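**Student:** I'm passing along input-v4.txt; it holds compact mmCIF, C-alpha atoms.
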```
# COMPACT_ATOMS: atom_id res chain seq x y z
CA MET A 1 -73.24 -48.13 31.11
CA SER A 2 -70.86 -51.04 31.64
CA ASN A 3 -67.18 -50.54 32.57
CA ASN A 4 -66.07 -51.77 29.17
CA ASN A 5 -68.26 -49.26 27.36
CA GLN A 6 -66.99 -46.45 29.60
CA LYS A 7 -63.44 -47.27 28.45
CA HIS A 8 -64.37 -46.84 24.80
CA CYS A 9 -66.86 -43.96 24.90
CA PRO A 10 -65.38 -40.47 25.23
CA PRO A 11 -66.82 -38.27 28.00
CA THR A 12 -70.20 -36.78 27.10
CA LEU A 13 -69.69 -33.12 28.02
CA PRO A 14 -66.59 -32.41 25.85
CA MET A 15 -68.23 -34.35 23.02
CA TRP A 16 -71.32 -32.12 23.35
CA LEU A 17 -69.06 -29.02 23.32
CA LEU A 18 -67.31 -30.19 20.16
CA ASN A 19 -70.65 -30.83 18.43
CA LEU A 20 -71.92 -27.43 19.54
CA LEU A 21 -68.91 -25.27 18.71
CA LEU A 22 -67.13 -26.82 15.73
CA PRO A 23 -68.09 -25.78 12.18
CA ASP A 24 -69.98 -28.42 10.18
CA SER A 25 -67.08 -28.75 7.73
CA VAL A 26 -64.80 -30.41 10.34
CA LYS A 27 -67.19 -31.52 13.11
CA ASP A 28 -67.52 -35.20 12.11
CA ASP A 29 -63.85 -35.54 11.15
CA ILE A 30 -62.55 -34.19 14.45
CA THR A 31 -65.03 -36.00 16.71
CA GLY A 32 -64.43 -39.22 14.75
CA ASP A 33 -60.63 -38.95 15.02
CA LEU A 34 -60.75 -38.10 18.73
CA THR A 35 -63.17 -40.98 19.41
CA GLU A 36 -60.91 -43.40 17.53
CA GLU A 37 -57.78 -42.29 19.39
CA TYR A 38 -59.65 -42.39 22.70
CA SER A 39 -60.94 -45.91 22.17
CA ARG A 40 -57.55 -47.19 20.94
CA SER A 41 -55.65 -45.77 23.91
CA THR A 42 -54.51 -48.24 26.58
CA ASP A 43 -53.91 -45.48 29.16
CA THR A 44 -55.89 -45.20 32.40
CA LEU A 45 -59.43 -43.83 32.16
CA LEU A 46 -58.41 -40.68 34.07
CA ASN A 47 -55.51 -39.93 31.68
CA LYS A 48 -57.66 -40.65 28.64
CA ASN A 49 -60.33 -38.26 29.89
CA LYS A 50 -57.73 -35.57 30.68
CA TRP A 51 -56.32 -35.94 27.16
CA PHE A 52 -59.80 -35.75 25.63
CA TRP A 53 -60.63 -32.60 27.59
CA SER A 54 -57.37 -30.88 26.62
CA GLN A 55 -57.94 -31.71 22.93
CA THR A 56 -61.52 -30.44 23.18
CA ILE A 57 -60.56 -27.12 24.80
CA SER A 58 -57.71 -26.37 22.38
CA THR A 59 -59.83 -27.36 19.35
CA CYS A 60 -62.90 -25.37 20.40
CA TRP A 61 -60.72 -22.35 21.19
CA ARG A 62 -59.06 -22.49 17.77
CA PHE A 63 -62.33 -22.78 15.85
CA THR A 64 -64.38 -20.26 17.87
CA MET A 65 -61.75 -17.52 18.31
CA THR A 66 -61.59 -16.86 14.59
CA LYS A 67 -61.26 -13.34 13.20
CA GLN A 68 -64.84 -13.63 11.87
CA ASN A 69 -66.31 -14.58 15.23
CA LEU A 70 -64.37 -11.88 17.08
CA ALA A 71 -65.37 -9.26 14.51
CA SER A 72 -69.03 -10.39 14.75
CA LEU A 73 -68.90 -10.22 18.54
CA GLY A 74 -67.32 -6.74 18.43
CA LEU A 75 -69.92 -5.49 15.94
CA ALA A 76 -72.78 -6.93 18.00
CA ILE A 77 -71.46 -5.39 21.26
CA ILE A 78 -70.96 -1.94 19.68
CA SER A 79 -74.47 -2.09 18.15
CA ILE A 80 -76.17 -3.12 21.38
CA LEU A 81 -74.32 -0.46 23.43
CA THR A 82 -75.16 2.24 20.86
CA LEU A 83 -78.79 1.10 20.75
CA GLY A 84 -78.98 1.28 24.56
CA ILE A 85 -77.53 4.80 24.68
CA ILE A 86 -79.85 6.06 21.92
CA MET A 87 -82.84 4.42 23.63
CA HIS A 88 -81.98 6.23 26.90
CA ALA A 89 -81.48 9.51 25.00
CA ILE A 90 -84.97 9.15 23.45
CA LEU A 91 -86.42 8.28 26.86
CA PHE A 92 -84.64 11.28 28.44
CA LEU A 93 -86.07 13.63 25.80
CA SER A 94 -89.54 12.12 26.27
CA VAL A 95 -89.77 12.24 30.06
CA ALA A 96 -87.33 14.89 31.35
CA ASP A 97 -89.43 17.59 32.99
CA ASP A 98 -86.73 19.67 34.66
CA PRO A 99 -86.30 22.90 32.60
CA ALA A 100 -82.67 23.07 33.79
CA SER A 101 -81.96 20.00 31.67
CA PHE A 102 -82.55 22.04 28.53
CA HIS A 103 -80.54 25.16 29.38
CA ASN A 104 -77.46 24.03 27.49
CA ALA A 105 -76.78 25.57 24.11
CA TYR A 106 -76.02 22.22 22.46
CA TRP A 107 -79.72 21.42 21.98
CA THR A 108 -80.01 23.93 19.15
CA ASP A 109 -76.51 25.14 18.18
CA GLY A 110 -75.43 22.07 16.22
CA ASN A 111 -73.26 20.55 18.95
CA PHE A 112 -75.77 17.90 19.99
CA HIS A 113 -73.00 15.30 20.37
CA GLN A 114 -72.08 17.06 23.65
CA PHE A 115 -75.34 15.72 25.12
CA PHE A 116 -73.92 12.18 24.97
CA PHE A 117 -70.95 13.20 27.13
CA ASP A 118 -72.92 15.41 29.50
CA ALA A 119 -73.71 14.43 33.11
CA PRO A 120 -77.55 14.57 32.96
CA LEU A 121 -77.80 11.73 30.41
CA TRP A 122 -75.41 9.44 32.33
CA GLN A 123 -77.10 10.26 35.62
CA PHE A 124 -80.44 9.44 33.96
CA ILE A 125 -79.03 6.09 32.71
CA SER A 126 -77.69 5.23 36.16
CA GLU A 127 -81.09 5.95 37.75
CA ASN A 128 -82.61 3.09 35.74
CA ASN A 129 -85.67 4.76 34.24
CA LEU A 130 -86.50 1.87 31.94
CA SER A 131 -89.88 1.36 33.63
CA ARG A 132 -90.91 4.70 32.10
CA LEU A 133 -90.42 3.39 28.56
CA SER A 134 -93.52 3.29 26.40
CA PHE A 135 -94.10 2.07 22.89
CA ASP A 136 -95.37 5.39 21.51
CA MET A 137 -92.06 7.13 22.35
CA PHE A 138 -90.57 5.23 19.42
CA ILE A 139 -93.28 5.81 16.82
CA HIS A 140 -92.11 8.47 14.40
CA LEU A 141 -93.35 8.48 10.81
CA PRO A 142 -90.45 10.44 9.18
CA SER A 143 -88.00 7.97 10.79
CA MET A 144 -90.06 5.05 9.48
CA ALA A 145 -89.89 6.56 6.00
CA TRP A 146 -86.09 6.92 6.34
CA LEU A 147 -85.86 3.32 7.59
CA ALA A 148 -87.56 2.09 4.40
CA ILE A 149 -85.46 4.33 2.11
CA ALA A 150 -82.16 3.49 3.83
CA LEU A 151 -82.75 -0.27 3.89
CA CYS A 152 -83.90 -0.42 0.25
CA GLY A 153 -81.00 1.82 -0.79
CA PHE A 154 -78.51 -0.35 1.10
CA ILE A 155 -79.78 -3.61 -0.43
CA VAL A 156 -79.94 -2.20 -3.97
CA LEU A 157 -76.47 -0.59 -3.81
CA LYS A 158 -74.96 -3.73 -2.28
CA LYS A 159 -76.32 -5.89 -5.12
CA GLN A 160 -75.69 -3.47 -7.98
CA LEU A 161 -72.15 -2.51 -6.97
CA HIS A 162 -71.12 -5.89 -5.42
CA LEU A 163 -69.81 -4.04 -2.39
CA SER A 164 -67.15 -5.61 -0.18
CA PHE A 165 -67.82 -5.94 3.55
CA THR A 166 -65.81 -2.79 4.33
CA TYR A 167 -67.82 -0.70 1.85
CA GLN A 168 -71.07 -2.19 3.18
CA LEU A 169 -70.01 -1.17 6.68
CA ILE A 170 -69.20 2.36 5.50
CA LEU A 171 -72.51 2.59 3.58
CA ALA A 172 -74.53 1.34 6.58
CA ALA A 173 -72.79 3.78 8.94
CA SER A 174 -73.37 6.65 6.48
CA LEU A 175 -77.09 5.87 6.06
CA LEU A 176 -77.44 5.52 9.83
CA MET A 177 -75.73 8.85 10.47
CA LEU A 178 -77.24 10.84 7.61
CA PRO A 179 -80.35 12.15 9.48
CA TYR A 180 -78.11 12.97 12.46
CA ILE A 181 -75.59 14.86 10.32
CA GLY A 182 -78.47 16.54 8.44
CA GLY A 183 -80.02 17.65 11.74
CA VAL A 184 -76.73 18.99 13.12
CA THR A 185 -76.09 20.88 9.86
CA TYR A 186 -79.62 22.33 9.95
CA PHE A 187 -79.10 23.53 13.55
CA ARG A 188 -75.78 25.14 12.57
CA LEU A 189 -77.21 26.94 9.56
CA THR A 190 -80.57 27.93 11.01
CA ASP A 191 -81.56 29.70 14.20
CA VAL A 192 -83.95 27.16 15.70
CA ALA A 193 -85.92 27.89 18.88
CA LEU A 194 -85.74 25.22 21.59
CA ASN A 195 -89.48 24.50 21.39
CA GLN A 196 -89.11 23.78 17.66
CA ALA A 197 -86.09 21.49 18.00
CA GLY A 198 -88.07 18.39 19.12
CA PRO A 199 -89.08 16.97 15.70
CA ILE A 200 -85.54 17.42 14.33
CA LEU A 201 -83.96 15.74 17.36
CA ALA A 202 -86.55 12.95 17.08
CA LEU A 203 -85.58 12.27 13.46
CA MET A 204 -81.86 12.35 14.34
CA LEU A 205 -82.24 9.78 17.13
CA ILE A 206 -85.21 7.57 16.27
CA SER A 207 -84.08 6.91 12.68
CA ALA A 208 -80.73 5.67 14.02
CA PHE A 209 -82.57 3.60 16.64
CA TYR A 210 -84.67 1.93 13.91
CA LEU A 211 -81.69 1.20 11.64
CA ILE A 212 -79.11 -0.19 14.06
CA LEU A 213 -80.55 -3.70 14.41
CA PRO A 214 -81.43 -4.34 10.73
CA PHE A 215 -77.99 -3.09 9.58
CA THR A 216 -76.23 -5.14 12.28
CA HIS A 217 -78.15 -8.24 11.16
CA LEU A 218 -77.27 -7.68 7.47
CA LEU A 219 -73.60 -7.00 8.28
CA LEU A 220 -73.29 -10.04 10.57
CA LYS A 221 -74.77 -12.21 7.81
CA GLU A 222 -72.24 -10.78 5.35
CA LEU A 223 -69.36 -11.24 7.80
CA LYS A 224 -69.94 -15.02 7.83
CA SER A 225 -68.94 -15.28 4.18
CA VAL A 226 -65.96 -12.91 4.36
CA ASP A 227 -62.43 -14.31 4.27
CA LEU A 228 -60.69 -12.06 6.81
CA MET B 1 -43.69 -3.68 -4.20
CA ALA B 2 -45.84 -6.41 -2.63
CA ASN B 3 -44.80 -10.01 -3.31
CA LYS B 4 -47.94 -11.77 -4.64
CA GLN B 5 -46.39 -15.26 -4.64
CA THR B 6 -47.47 -17.40 -1.70
CA PHE B 7 -45.11 -19.70 0.17
CA LEU B 8 -45.73 -22.78 2.27
CA GLY B 9 -45.62 -22.20 5.99
CA GLU B 10 -43.45 -24.50 8.12
CA PHE B 11 -46.41 -26.46 9.50
CA GLU B 12 -48.12 -26.64 6.10
CA HIS B 13 -44.88 -28.03 4.68
CA ILE B 14 -44.67 -30.69 7.40
CA VAL B 15 -48.33 -31.70 7.03
CA MET B 16 -48.06 -32.05 3.26
CA LEU B 17 -44.92 -34.21 3.49
CA THR B 18 -46.62 -36.39 6.12
CA VAL B 19 -49.74 -36.82 3.97
CA LEU B 20 -47.51 -37.72 1.03
CA SER B 21 -45.57 -40.26 3.11
CA LEU B 22 -48.77 -42.01 4.28
CA GLY B 23 -50.05 -42.67 0.75
CA ASP B 24 -53.66 -43.90 0.82
CA ASP B 25 -53.88 -44.00 4.61
CA ALA B 26 -53.52 -40.28 5.41
CA TYR B 27 -56.27 -39.12 7.76
CA GLY B 28 -56.28 -37.16 11.02
CA VAL B 29 -55.24 -39.99 13.36
CA THR B 30 -52.46 -41.38 11.17
CA VAL B 31 -51.07 -37.94 10.31
CA ARG B 32 -50.83 -37.04 14.00
CA GLN B 33 -49.33 -40.46 14.79
CA GLN B 34 -46.73 -40.09 12.02
CA LEU B 35 -45.73 -36.61 13.20
CA ARG B 36 -45.36 -37.94 16.74
CA ASP B 37 -43.33 -41.01 15.66
CA ILE B 38 -41.07 -39.42 13.04
CA ILE B 39 -40.29 -35.95 14.36
CA GLY B 40 -41.62 -36.16 17.93
CA ARG B 41 -44.08 -33.34 17.38
CA GLU B 42 -47.37 -33.45 19.27
CA VAL B 43 -49.97 -31.68 17.16
CA ALA B 44 -53.38 -30.52 18.39
CA ILE B 45 -56.14 -31.91 16.23
CA GLY B 46 -57.64 -28.42 15.79
CA ALA B 47 -54.33 -27.12 14.41
CA LEU B 48 -54.15 -30.00 11.95
CA TYR B 49 -57.67 -29.51 10.59
CA ALA B 50 -57.32 -25.71 10.40
CA THR B 51 -54.20 -26.28 8.27
CA THR B 52 -55.69 -28.96 6.02
CA GLU B 53 -58.75 -26.72 5.41
CA ARG B 54 -56.42 -23.89 4.37
CA LEU B 55 -54.36 -26.19 2.12
CA GLU B 56 -57.55 -27.47 0.47
CA LYS B 57 -58.64 -23.88 -0.22
CA LYS B 58 -55.24 -23.24 -1.84
CA GLY B 59 -55.74 -26.35 -4.01
CA LEU B 60 -52.70 -28.13 -2.55
CA LEU B 61 -54.66 -30.93 -0.85
CA THR B 62 -57.88 -32.80 -1.66
CA SER B 63 -59.92 -35.01 0.62
CA THR B 64 -62.50 -37.78 0.44
CA LYS B 65 -64.61 -39.31 3.18
CA SER B 66 -64.98 -43.03 3.87
CA GLY B 67 -64.39 -45.73 6.46
CA ALA B 68 -66.98 -45.01 9.13
CA SER B 69 -66.74 -47.48 12.01
CA ALA B 70 -68.14 -48.09 15.48
CA GLN B 71 -64.66 -47.34 16.90
CA ARG B 72 -65.08 -43.80 15.52
CA GLY B 73 -68.62 -43.39 16.80
CA GLY B 74 -69.97 -44.03 13.29
CA LYS B 75 -68.09 -41.03 11.83
CA ALA B 76 -66.30 -41.35 8.48
CA LYS B 77 -62.56 -40.70 8.09
CA ARG B 78 -61.41 -37.78 5.95
CA TYR B 79 -58.57 -39.08 3.78
CA PHE B 80 -56.16 -36.48 2.41
CA LYS B 81 -54.17 -36.50 -0.84
CA VAL B 82 -51.59 -34.03 -2.10
CA THR B 83 -52.61 -32.59 -5.48
CA SER B 84 -50.22 -32.16 -8.42
CA GLN B 85 -50.20 -28.44 -7.61
CA GLY B 86 -49.26 -29.39 -4.04
CA ILE B 87 -46.37 -31.56 -5.24
CA ALA B 88 -45.09 -28.70 -7.42
CA GLU B 89 -45.31 -26.39 -4.40
CA LEU B 90 -43.36 -28.89 -2.25
CA GLU B 91 -40.65 -29.16 -4.92
CA ARG B 92 -40.37 -25.38 -5.15
CA THR B 93 -40.11 -25.09 -1.36
CA LYS B 94 -37.42 -27.80 -1.30
CA GLN B 95 -35.38 -26.04 -4.00
CA ASN B 96 -35.64 -22.73 -2.14
CA LEU B 97 -34.53 -24.33 1.12
CA GLU B 98 -31.65 -26.10 -0.62
CA LYS B 99 -30.51 -22.78 -2.11
CA LEU B 100 -30.47 -21.25 1.35
CA TRP B 101 -28.77 -24.27 2.94
CA GLY B 102 -26.18 -24.19 0.15
CA LEU B 103 -25.08 -20.67 0.92
CA GLN B 104 -21.45 -20.68 2.02
CA ALA B 105 -22.04 -18.70 5.19
CA VAL B 106 -24.74 -21.15 6.29
CA SER B 107 -22.75 -24.29 5.56
CA GLN B 108 -19.70 -22.86 7.34
CA THR B 109 -21.71 -21.97 10.44
CA ILE B 110 -23.66 -25.21 10.80
```
Here is the file; what I need is its structure written in the form of structure tokens.
**Tutor:**
Amino acid sequence: MSNNNQKHCPPTLPMWLLNLLLPDSVKDDITGDLTEEYSRSTDTLLNKNKWFWSQTISTCWRFTMTKQNLASLGLAIISILTLGIIMHAILFLSVADDPASFHNAYWTDGNFHQFFFDAPLWQFISENNLSRLSFDMFIHLPSMAWLAIALCGFIVLKKQLHLSFTYQLILAASLLMLPYIGGVTYFRLTDVALNQAGPILALMLISAFYLILPFTHLLLKELKSVDL
Amino acid sequence: MANKQTFLGEFEHIVMLTVLSLGDDAYGVTVRQQLRDIIGREVAIGALYATTERLEKKGLLTSTKSGASAQRGGKAKRYFKVTSQGIAELERTKQNLEKLWGLQAVSQTI
């Protein structure tokens, strides 16, 4: 590139950032305006580049740190963390062979939530047992049936009732939690032996595992069109 | 009870007056230049476009694109115009400010 061209062409990296991060509605306007001001400026090349970088950073910050993007990021992080914990809980239940792990009353008395705060699960997570994962641990027909019912129900209710984002979030969380709440209620009302608790616990956990990603995807798509 | 009526923000007010003052030549570069020259306010381009987008959604501004040139990397300019609703909103804001400036306590203090 000749010296003269260098004077008129804005630096490539900030230009690439602007094209990458700005929404389509303002991308061409902002890059065009900045290019025009840059090429008109009679300042030194160093000052022009400093100015272009500062405009790029402040503009990208303003258009990426929107309420929508932050809410999407928060939702995605919560979903991924929850998915990871549930996946480890399923793995724990599938491979734990120490009988002491199952001495606690919470397995069958309806206080299963205590398992998520108990030391064995977190110790298991910290030991990195992911190599013991296998595909068949996650195959569970009743959970697949619930996945189909919950997703169809969600889509139909959303369309029929024209639900707002908040109500969609509440509906998704309710459908996700329903097998879990059902299982906990069943344990509280019925005297279940430990060796019979497995299928109920599987439905409580695997159905949530199946639903987290599809619901997150649907909610993130919805969030794009919401005016927060 | 909640007040449903919306009011122009300070920056929205300034941007609309600047667009109005520039007539047919109001686009990002000239609006920023005018704000710098007239009131000495340096405005980030992101702030300007976030505001014009909001004003367009409220129906107070409209925009059209034209005037692509090599100096702009082949990108068209977005020219802004204040709508009749925008002018009415500016007049209402001016009247409200004048009422406040006309208050005796204010005029005696300043």
**Student:** Show me a table, sorted first by chain and then by increasing residue number, of the residues of chain B having an atom at most 12 Å from chain A, each with its shortest atom pair and the distance in Å to one decimal, counting only C-alpha atoms and written as JSON lines.
**Tutor:**
```
{"residue": "B:Tyr27", "atom": "CA", "partner": "A:Asp33", "partner_atom": "CA", "distance": 8.5}
{"residue": "B:Gly28", "atom": "CA", "partner": "A:Asp33", "partner_atom": "CA", "distance": 6.2}
{"residue": "B:Val29", "atom": "CA", "partner": "A:Asp33", "partner_atom": "CA", "distance": 5.7}
{"residue": "B:Thr30", "atom": "CA", "partner": "A:Asp33", "partner_atom": "CA", "distance": 9.4}
{"residue": "B:Val31", "atom": "CA", "partner": "A:Asp33", "partner_atom": "CA", "distance": 10.7}
{"residue": "B:Arg32", "atom": "CA", "partner": "A:Asp33", "partner_atom": "CA", "distance": 10.0}
{"residue": "B:Gln33", "atom": "CA", "partner": "A:Glu37", "partner_atom": "CA", "distance": 9.8}
{"residue": "B:Glu42", "atom": "CA", "partner": "A:Gln55", "partner_atom": "CA", "distance": 11.3}
{"residue": "B:Val43", "atom": "CA", "partner": "A:Gln55", "partner_atom": "CA", "distance": 9.8}
{"residue": "B:Ala44", "atom": "CA", "partner": "A:Gln55", "partner_atom": "CA", "distance": 6.5}
{"residue": "B:Ile45", "atom": "CA", "partner": "A:Thr59", "partner_atom": "CA", "distance": 6.6}
{"residue": "B:Gly46", "atom": "CA", "partner": "A:Thr59", "partner_atom": "CA", "distance": 4.3}
{"residue": "B:Ala47", "atom": "CA", "partner": "A:Thr59", "partner_atom": "CA", "distance": 7.4}
{"residue": "B:Leu48", "atom": "CA", "partner": "A:Thr59", "partner_atom": "CA", "distance": 9.7}
{"residue": "B:Tyr49", "atom": "CA", "partner": "A:Val26", "partner_atom": "CA", "distance": 7.2}
{"residue": "B:Ala50", "atom": "CA", "partner": "A:Phe63", "partner_atom": "CA", "distance": 8.0}
{"residue": "B:Thr51", "atom": "CA", "partner": "A:Arg62", "partner_atom": "CA", "distance": 11.3}
{"residue": "B:Thr52", "atom": "CA", "partner": "A:Val26", "partner_atom": "CA", "distance": 10.2}
{"residue": "B:Glu53", "atom": "CA", "partner": "A:Val26", "partner_atom": "CA", "distance": 8.6}
{"residue": "B:Arg54", "atom": "CA", "partner": "A:Asp227", "partner_atom": "CA", "distance": 11.3}
{"residue": "B:Lys57", "atom": "CA", "partner": "A:Asp227", "partner_atom": "CA", "distance": 11.2}
{"residue": "B:Ser63", "atom": "CA", "partner": "A:Asp29", "partner_atom": "CA", "distance": 11.3}
{"residue": "B:Thr64", "atom": "CA", "partner": "A:Asp29", "partner_atom": "CA", "distance": 11.0}
{"residue": "B:Lys65", "atom": "CA", "partner": "A:Asp29", "partner_atom": "CA", "distance": 8.8}
{"residue": "B:Ser66", "atom": "CA", "partner": "A:Asp29", "partner_atom": "CA", "distance": 10.5}
{"residue": "B:Gly67", "atom": "CA", "partner": "A:Gly32", "partner_atom": "CA", "distance": 10.5}
{"residue": "B:Ala68", "atom": "CA", "partner": "A:Gly32", "partner_atom": "CA", "distance": 8.5}
{"residue": "B:Ser69", "atom": "CA", "partner": "A:Gly32", "partner_atom": "CA", "distance": 9.0}
{"residue": "B:Ala70", "atom": "CA", "partner": "A:Glu36", "partner_atom": "CA", "distance": 8.9}
{"residue": "B:Gln71", "atom": "CA", "partner": "A:Glu36", "partner_atom": "CA", "distance": 5.5}
{"residue": "B:Arg72", "atom": "CA", "partner": "A:Glu36", "partner_atom": "CA", "distance": 4.6}
{"residue": "B:Gly73", "atom": "CA", "partner": "A:Gly32", "partner_atom": "CA", "distance": 6.3}
{"residue": "B:Gly74", "atom": "CA", "partner": "A:Gly32", "partner_atom": "CA", "distance": 7.5}
{"residue": "B:Lys75", "atom": "CA", "partner": "A:Gly32", "partner_atom": "CA", "distance": 5.0}
{"residue": "B:Ala76", "atom": "CA", "partner": "A:Asp29", "partner_atom": "CA", "distance": 6.8}
{"residue": "B:Lys77", "atom": "CA", "partner": "A:Asp29", "partner_atom": "CA", "distance": 6.1}
{"residue": "B:Arg78", "atom": "CA", "partner": "A:Asp29", "partner_atom": "CA", "distance": 6.2}
{"residue": "B:Tyr79", "atom": "CA", "partner": "A:Asp29", "partner_atom": "CA", "distance": 9.7}
{"residue": "B:Phe80", "atom": "CA", "partner": "A:Asp29", "partner_atom": "CA", "distance": 11.7}
```
**Student:** Output the selection as a short mmCIF file (atom, residue, chain, number, x, y, z; two decimals), in the frame of the given file - C-alpha atoms for each residue.
**Tutor:**
```cif
data_model
loop_
_atom_site.label_atom_id
_atom_site.label_comp_id
_atom_site.auth_asym_id
_atom_site.auth_seq_id
_atom_site.Cartn_x
_atom_site.Cartn_y
_atom_site.Cartn_z
CA TYR B 27 -56.27 -39.12 7.76
CA GLY B 28 -56.28 -37.16 11.02
CA VAL B 29 -55.24 -39.99 13.36
CA THR B 30 -52.46 -41.38 11.17
CA VAL B 31 -51.07 -37.94 10.31
CA ARG B 32 -50.83 -37.04 14.00
CA GLN B 33 -49.33 -40.46 14.79
CA GLU B 42 -47.37 -33.45 19.27
CA VAL B 43 -49.97 -31.68 17.16
CA ALA B 44 -53.38 -30.52 18.39
CA ILE B 45 -56.14 -31.91 16.23
CA GLY B 46 -57.64 -28.42 15.79
CA ALA B 47 -54.33 -27.12 14.41
CA LEU B 48 -54.15 -30.00 11.95
CA TYR B 49 -57.67 -29.51 10.59
CA ALA B 50 -57.32 -25.71 10.40
CA THR B 51 -54.20 -26.28 8.27
CA THR B 52 -55.69 -28.96 6.02
CA GLU B 53 -58.75 -26.72 5.41
CA ARG B 54 -56.42 -23.89 4.37
CA LYS B 57 -58.64 -23.88 -0.22
CA SER B 63 -59.92 -35.01 0.62
CA THR B 64 -62.50 -37.78 0.44
CA LYS B 65 -64.61 -39.31 3.18
CA SER B 66 -64.98 -43.03 3.87
CA GLY B 67 -64.39 -45.73 6.46
CA ALA B 68 -66.98 -45.01 9.13
CA SER B 69 -66.74 -47.48 12.01
CA ALA B 70 -68.14 -48.09 15.48
CA GLN B 71 -64.66 -47.34 16.90
CA ARG B 72 -65.08 -43.80 15.52
CA GLY B 73 -68.62 -43.39 16.80
CA GLY B 74 -69.97 -44.03 13.29
CA LYS B 75 -68.09 -41.03 11.83
CA ALA B 76 -66.30 -41.35 8.48
CA LYS B 77 -62.56 -40.70 8.09
CA ARG B 78 -61.41 -37.78 5.95
CA TYR B 79 -58.57 -39.08 3.78
CA PHE B 80 -56.16 -36.48 2.41
#
```
**Student:** One decimal, Å: what's the distance from atom CA of Leu130 of chain A over to atom CA of Leu203 of chain A, could you say?
**Tutor:**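 Spanning atom CA of Leu130 of chain A to atom CA of Leu203 of chain A is a straight-line distance of 21.2 Å.
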**Student:** I'd like the neighbourhood of His140 of chain A as a PyMOL selection string, where a residue qualifies if any of its atoms comes within 9 Å (using all atoms listed in the file), though same-chain residues fewer than 3 positions away should be ignored.
**Tutor:** chain A and resi 136-137+143-145+202-203+206-207
**Student:** Can you tell me which residues surround segment 5-17 of chain B at a distance of at most 8 Å, considering all atoms listed in the file, apart from same-chain residues fewer than 2 positions away, and format the answer as a ChimeraX atom specification?
**Tutor:** /B:3,19-21,31,48,51-52,55,61,82,86,89-90,93
**Student:** Report, in Å with one decimal, the straight-line distance from atom CA of Ala208 of chain A to atom CA of Asp118 of chain A.
**Tutor:**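 Computed distance, atom CA of Ala208 of chain A to atom CA of Asp118 of chain A, equals 19.9 Å.
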**Student:** Identify the residues within 8 Å of coordinate (-82.2, 24.2, 14.7) (same frame as the file), considering only C-alpha atoms, and give the answer as a list in words.
**Tutor:**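 Selection result: Thr108, Asp109, Gly110, Gly183, Val184, Tyr186, Phe187, Arg188, Leu189, Thr190, Asp191, Val192, Ala193, Leu194, Gln196, Ala197 and Ile200 of chain A.
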**Student:** Counting all atoms listed in the file, select every polymer residue within 12 Å of (-84.7, 1.8, 7.3) as defined in the file's coordinates, and provide the selection as a VMD selection string.
**Tutor:** chain A and resid 141 to 155 172 175 to 179 206 to 215
**Student:** Report the centre and edge lengths, in Å to one decimal, of an axis-aligned box enclosing every atom of segment 13-27 of chain B listed in the file, padded by 4 Å on each side, as lines of an AutoDock Vina configuration file.
**Tutor:**
```
center_x = -50.5
center_y = -36.0
center_z = 4.3
size_x = 19.6
size_y = 24.0
size_z = 15.0
```
**Student:** As an exercise, work out the distance from atom CA of Ala173 of chain A to atom CA of Ala76 of chain A in Å and give it to one decimal place.
**Tutor:**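 Atom-to-atom, atom CA of Ala173 of chain A and atom CA of Ala76 of chain A are spaced 14.0 Å apart.
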**Student:** Can you give me N, CA and C atoms for segment 71-80 of chain B, written as a PDB file, in the coordinates of the input?
**Tutor:**
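Listing of result01.pdb after writing:
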```pdb
ATOM      1  N   GLN B  71     -65.784 -47.848  16.101  1.00  0.00           N
ATOM      2  CA  GLN B  71     -64.660 -47.340  16.900  1.00  0.00           C
ATOM      3  C   GLN B  71     -64.567 -45.815  16.803  1.00  0.00           C
ATOM      4  N   ARG B  72     -65.107 -45.253  15.716  1.00  0.00           N
ATOM      5  CA  ARG B  72     -65.080 -43.800  15.520  1.00  0.00           C
ATOM      6  C   ARG B  72     -66.442 -43.173  15.806  1.00  0.00           C
ATOM      7  N   GLY B  73     -67.295 -43.899  16.480  1.00  0.00           N
ATOM      8  CA  GLY B  73     -68.620 -43.390  16.800  1.00  0.00           C
ATOM      9  C   GLY B  73     -69.470 -43.237  15.542  1.00  0.00           C
ATOM     10  N   GLY B  74     -69.180 -44.058  14.531  1.00  0.00           N
ATOM     11  CA  GLY B  74     -69.970 -44.030  13.290  1.00  0.00           C
ATOM     12  C   GLY B  74     -69.584 -42.895  12.350  1.00  0.00           C
ATOM     13  N   LYS B  75     -68.502 -42.181  12.666  1.00  0.00           N
ATOM     14  CA  LYS B  75     -68.090 -41.030  11.830  1.00  0.00           C
ATOM     15  C   LYS B  75     -67.072 -41.489  10.774  1.00  0.00           C
ATOM     16  N   ALA B  76     -67.218 -40.981   9.564  1.00  0.00           N
ATOM     17  CA  ALA B  76     -66.300 -41.350   8.480  1.00  0.00           C
ATOM     18  C   ALA B  76     -64.933 -40.694   8.673  1.00  0.00           C
ATOM     19  N   LYS B  77     -63.908 -41.301   8.060  1.00  0.00           N
ATOM     20  CA  LYS B  77     -62.560 -40.700   8.090  1.00  0.00           C
ATOM     21  C   LYS B  77     -62.453 -39.739   6.910  1.00  0.00           C
ATOM     22  N   ARG B  78     -61.682 -38.674   7.083  1.00  0.00           N
ATOM     23  CA  ARG B  78     -61.410 -37.780   5.950  1.00  0.00           C
ATOM     24  C   ARG B  78     -59.979 -38.076   5.465  1.00  0.00           C
ATOM     25  N   TYR B  79     -59.883 -38.732   4.331  1.00  0.00           N
ATOM     26  CA  TYR B  79     -58.570 -39.080   3.780  1.00  0.00           C
ATOM     27  C   TYR B  79     -58.038 -37.938   2.918  1.00  0.00           C
ATOM     28  N   PHE B  80     -56.774 -37.584   3.149  1.00  0.00           N
ATOM     29  CA  PHE B  80     -56.160 -36.480   2.410  1.00  0.00           C
ATOM     30  C   PHE B  80     -55.227 -36.989   1.324  1.00  0.00           C
TER      31      PHE B  80
END
```
